[in-house]
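Engineer: Below is a structure I'd like to ask you about.
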Amino acid sequence: MKIGVIISPWGTNPEAENKLGGLALYAKTLPNVVAVDSGYYGPTNKDLAKFKEWIKENKVDRVVFASCRPRLFKEAYKYAAVDVGINKYLIEVIDISELCSYDEVNEAADEKAKILLRSAISRVISLEEI
């Protein structure tokens, strides 16, 4: 089992990117996580192509997509993963918008994002293909 984690801010706020970088480092410590990318993944064809290529390069078979605005393009990313051979039910999407929205360090938001990420990874580990 090879889990890939994408952590994506909304926009290009450097402060949000710094906070998400810490979450990416944390993700690397979690079980079965073999690849982590933290960068902007939006709903454009270019971003979807980048996502597909990332899946192929890292040979992941499950994905956790953590985003500050996941509802806007959740389905697009699920279908992009299907295009490269991942069952769409082995993809978990989480909303980390609280972490992205604070201008300063907020330990409660950081911890909540870690809990959400850890839970999503546990969930994709427990899922079985049918």
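Letters A, B, ... mark the chains of the structure tokens in the order given; residue numbers begin at 1 per chain; ligand numbers begin at 1, in order shown.
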Mind checking which residues fall within 12 Å of Val93 in chain A, counting only C-alpha atoms, ignoring those fewer than 4 positions away in the same chain, and posting them as a PyMOL selection string?

Structural biologist: chain A and resi 4-8+62-78+88-89+116-117+119-121+123-124

Engineer: What's around range 23-33 of chain A at 7 Å? Count only C-alpha atoms, leave out sequence neighbours fewer than 4 positions away in its own chain, and write the answer as a PyMOL selection string.

Structural biologist: chain A and resi 1-4+7+19+38+114

Engineer: Kindly export the residues of the current selection with N, CA and C atoms, as a compact mmCIF listing (two decimals), in the first residue's frame.

Structural biologist:
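See again.txt below for the written result:
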```txt
# COMPACT_ATOMS: atom_id res chain seq x y z
N MET A 1 0.85 -1.17 0.00
CA MET A 1 0.00 0.00 0.00
C MET A 1 0.90 1.24 0.00
N LYS A 2 0.67 2.11 -0.98
CA LYS A 2 1.46 3.32 -1.12
C LYS A 2 0.50 4.51 -1.15
N ILE A 3 0.57 5.33 -0.12
CA ILE A 3 -0.32 6.48 -0.01
C ILE A 3 0.43 7.75 -0.40
N GLY A 4 -0.21 8.54 -1.24
CA GLY A 4 0.31 9.85 -1.60
C GLY A 4 -0.54 10.92 -0.95
N ILE A 7 -1.06 18.43 -0.35
CA ILE A 7 -1.51 19.49 0.55
C ILE A 7 -1.47 20.79 -0.25
N LYS A 19 2.64 27.39 6.57
CA LYS A 19 1.90 26.52 7.49
C LYS A 19 1.67 25.15 6.87
N SER A 38 3.35 19.55 -1.45
CA SER A 38 2.60 20.71 -0.99
C SER A 38 2.83 21.83 -1.99
N LYS A 114 -3.69 18.35 11.60
CA LYS A 114 -2.95 17.09 11.77
C LYS A 114 -3.91 15.93 12.08
```

Engineer: Among range 57-113 of chain A, which ones does DSSP assign to strand (DSSP E or B) (computed from the backbone)? Answer as a list in words.

Structural biologist: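 For range 57-113 of chain A, the strand (DSSP E or B) set is Arg62, Val63, Val64, Phe65, Ala66, Ser67, Ile91, Glu92, Val93, Ile94 and Asp95 of chain A.
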
Engineer: Give me every alpha helix (DSSP H) residue in range 42-113 of chain A, going by DSSP on the backbone, as an NGL selection string.

Structural biologist: :A and (45-58 or 74-83 or 97-101 or 107-113)

Engineer: Can you work out which one of A:Val60, A:Ala49, A:Ala113, A:Ala108 has the shortest atom-to-atom distance to Asp83 in chain A, counting only C-alpha atoms?

Structural biologist: A:Ala49

Engineer: Between CA of Ile115 in chain A and CA of Asp95 in chain A, what is the spacing in Å?

Structural biologist: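 Separating CA of Asp95 in chain A from CA of Ile115 in chain A is a distance of 11.6 Å.
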
Engineer: Would you mind reading off the distance between CA of Lys52 in chain A and CA of Ile96 in chain A, one decimal, in Å?

Structural biologist: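 Separation between CA of Lys52 in chain A and CA of Ile96 in chain A: 21.9 Å.
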
Engineer: In Å, how far is it from CA of Ile86 in chain A to CA of Thr44 in chain A?

Structural biologist: 20.0 Å
